[in-house]
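Visitor: Can you read through this structure? Questions will come right after.
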Amino acid sequence: MTRTDEQLWPFNRIDKRKFNLAIQNLEMSGNLVEGTRLNGETCKDNGTGQSFSNELAAVACSLLVFTVVNRSVSVIRSDWGWPYIIMFAGFVLACLVFRGPRTSQVSLPTSIILRLIALLLGAYALLSGITYPAGVSTHTDSLLFATNIVMLVGAIGAVAVFWYPAFVLLPCAAVLAQKMLASQLFGISISRTDYIPVVEMGLFLGISLCVLAPSRSYLPFRLGRMIAAADIKVTTTLLFLVAVGAHFANYFYSGLEKLALGGGPFLWVTTNPTEVLSLVSWHSGFLPTGHLAGVSLISIEAAGFLRPFINVSILLAQLGSVVFILRRRSMILATLFYDLTHVVIYLVSGIFFWKWILLNLGLVAAMRKLPRWVETPRPMLLAATMVLLAPIAFQIARLGWYDTPALTRSDLYAVTKDGRELQVPSNYFGTVSVTAAQHRLGRIAEGHYPTITWGSTQSGKVFLDALDDCSFGSDEPVQFGSDPDRVIRIVQLTHAYALQRAASDGHYRYDRFPHHIWSNPWLFDEFAALAPDEISHYLYRTVSGCVRPGPEGPVMEVQFRDEIEIPVATAFELSRSKDRSE
């Protein structure tokens with residue numbers, strides 16, 4: 001008796017399809033054995049049941065498209081402002097035309113991290129509106145209104161990610177457009193380190209999913225046919241590994257940067273007084289425990305005692321990222337260690353990489369869902385190679401410098417109508433708070449220390465001179481030099497915005513802005529209770545001096561000092577001055 005197909009499959013056709021689906025799941029988990037027949041074809045045995053040729057072609061194409069788009073976006077510069085809004089509109093159009101595969105078609109690790117990025121950036125976009133006053137000009141009012149629409153559409157895109165993951169492009173592009181426009185409006189550079197790794201990971205994965213859009217099957221050339229034949233779940237898993245490799249590059253190149261500092265490859269790890277960071281952040285008003293002198297002094301002393309261990313462990317953990325990415329377990333443990341360092345950095349300095357922390361937690365959750373076949377040679381080689389080559393396509397953070405006690409601070413002081421002089425916290429600056437916190441609003445006069453943010457430097461000579469009583473030669477370059485008019489304009493814009501917020505809400509709640517570096521609220525209680533209309537004028541003061549530990553906290557031996565007086569201004573007055581200048 002001839003055995004029919006139905007006899008070989010004693011159930012029904014649906015059961016047969018379920019069997020094939022089960023085989024696919026085994027394939028994805030790495031448990032598929034050689035010779036298993038899937039849809040009538042024997043799978044190749046390279047440890048995964050996959051040859052990866054088509055999938056790697058899709059990954060390569062995605063990287064190429066992302067690199068071109070990312071490079072193009074990064075060079076957009078405009079005093080007009082509208083190109084940033086047009087850029088966002090381009091991403092909206094891409095999502096609508098090439099909306100990519102559905103969530104059910106994408107690998108679980110990729111789906112997890114895209115949802116986290118979308119929710120994180122969607123919420124961040126809504127909470128970090130540009131703190132620029134209304135009424136300065138019709139042009140800026142139109143831009144601010146358009147930016148609010150951009151933020152709203154970005155938040156809607158964050159929700160759409162739960163159905164079409166490629167829509168992660170919208171919250172990513174919204175944050176990018178908002179930051180670029182804010183920098184143009186205030187006329188000053190705003191650090192991107194705290195958010196750009198999250199944005200770029202979302203942009204890369206979102207653009208890659210657009211490449212995998214269903215319409216790819218109609219591409220006529222050979223690469224198009226390979227992309228069309230690629231397995232979407234396998235491809236998106238490989239894309240996830242590429243994204244992790246690019247993120248790990250932030251740590252790897254930060255380690256290399258420490259080795260490349262002036263003074264030789266071992267000067268940082270053997271000599272850098274990492275605990276000084278706590279001392280200068282405390283003196284500047286950022287140390288989270290700054291209002292608890294006893295706790296702060298003990299933590300600084302402990303950091304000094306543990307300095308060799310801290311320096312060695314940080315350097316090895318950063319350089320080891322290219323090795324840790326080769327196994328799922330080490331990848332997870334390394335990511336958790338990186339998060340631990342971010343938490344410690346916040347506690348000892350007030351620098352809060354909260355976006356990186358949440359991203360890393362999402363990556364850990366996603367890494368736990370990776371299939372076993374990712375530990376085979378080709379996927380791991382892809383991930384490790386991406387760590388090394390990421391700077392070609394991504395804007396990689398290179399966080400390496402020497403910490404010194406030679407601090408130059410540029411601070412703002414509010415002089416009240418009754419004669420009080422109160423230091424203004426950096427949080428007051430809202431959108432440009434990170435620039436104010438880094439003392440990068442600008443140095444008006446010459447003669448200050450050649451160190452930069454919080455006494456840091458990348459020069460071995462400056463570092464050693466700073467350790468030697470902060471004695472510097474006269475030939476050192478001027479850092480953060482600025483035109484006083486630019487500083488005055490930023491301060492007046494900030495004051496005008498504070499007046500408008502106080503008029504509408506009764507108080508300007510600047511501590512609620514999602515800052516990157518938080519000034520310690522407990523150290524600025526008196527200013528927090530001050531209404532903006534009680535301020536008579538401001539003083540912008542820059543001082544340079546050596547910071548030393550004292551019995552009750554840090555003490556600065558001031559060597560240079562200059563200041564300028566800044567009158568307050570309303571948005572109407574700023575508008576009139578702008579008209580006169582034009």
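By order of appearance in the structure tokens: chains A, B, ..., then residues from 1 within every chain, and ligands from 1 in the order shown.
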Would you mind writing down, as number ranges by chain, each residue of stretch 333-528 of chain A that DSSP on the backbone assigns to alpha helix (DSSP H)?

Guide: A: 333-349, 354-367, 377-389, 433-437, 460-467, 484-505, 525-528

Visitor: At most 12 Å is the cut-off: for each residue in stretch 324-372 of chain A with any atom that close to an atom of stretch 199-203 of chain A, write down the nearest atom pair and the distance in Å rounded to one decimal, counting only C-alpha atoms, chain first then increasing number, as CSV.

Guide:
residue,atom,partner,partner_atom,distance
A:Lys355,CA,A:Val199,CA,10.1
A:Trp356,CA,A:Val199,CA,10.7
A:Leu359,CA,A:Met201,CA,9.8
A:Asn360,CA,A:Met201,CA,11.8
A:Leu363,CA,A:Met201,CA,11.2

Visitor: Select, from A:Pro101, A:Gly129, A:Gly290, A:Gly545, the residue with the minimum atom-to-atom distance to A:Ser208, counting only C-alpha atoms.

Guide: A:Pro101

Visitor: Residues near A:Ile325, anyone? I mean within 10 Å using only C-alpha atoms, not counting same-chain ones fewer than 2 positions away, as a list in words.

Guide: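 These residues fall inside the cut-off: Leu241, Val244, Gly245, Phe248, Gly320, Ser321, Val322, Val323, Arg327, Arg328, Arg329, Ser330, Met331, Ile332, Ala334, Thr335, Glu375, Met380, Leu381, Ala383, Ala384 and Val387 of chain A.
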
Visitor: Can you pull out the residues contacting stretch 72-76 of chain A? Cut-off 12 Å, using only C-alpha atoms, and skip same-chain residues under 5 positions away; I want them as a VMD selection string.

Guide: chain A and resid 65 to 67 81 to 88 90 to 91 173 176 to 177 179 to 181 184 192 196 200 203 393 to 395

Visitor: Any idea what the distance is between atom CA of A:Ala397 and atom CA of A:Thr193?

Guide: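 One can read the atom CA of A:Ala397 to atom CA of A:Thr193 distance as 6.4 Å.
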
Visitor: From a DSSP pass on the backbone, collect the residues of stretch 239-471 of chain A flagged as strand (DSSP E or B) and hand them back as a PyMOL selection string.

Guide: chain A and resi 351+402+406-416+421-423+443+457

Visitor: Here is a test: counting only C-alpha atoms, which residue of A:Val434, A:Ile452, A:Leu574, A:Leu114 is nearest to A:Pro477?

Guide: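 Checking each of A:Val434, A:Ile452, A:Leu574, A:Leu114 against A:Pro477, counting only C-alpha atoms, the winner is A:Ile452.
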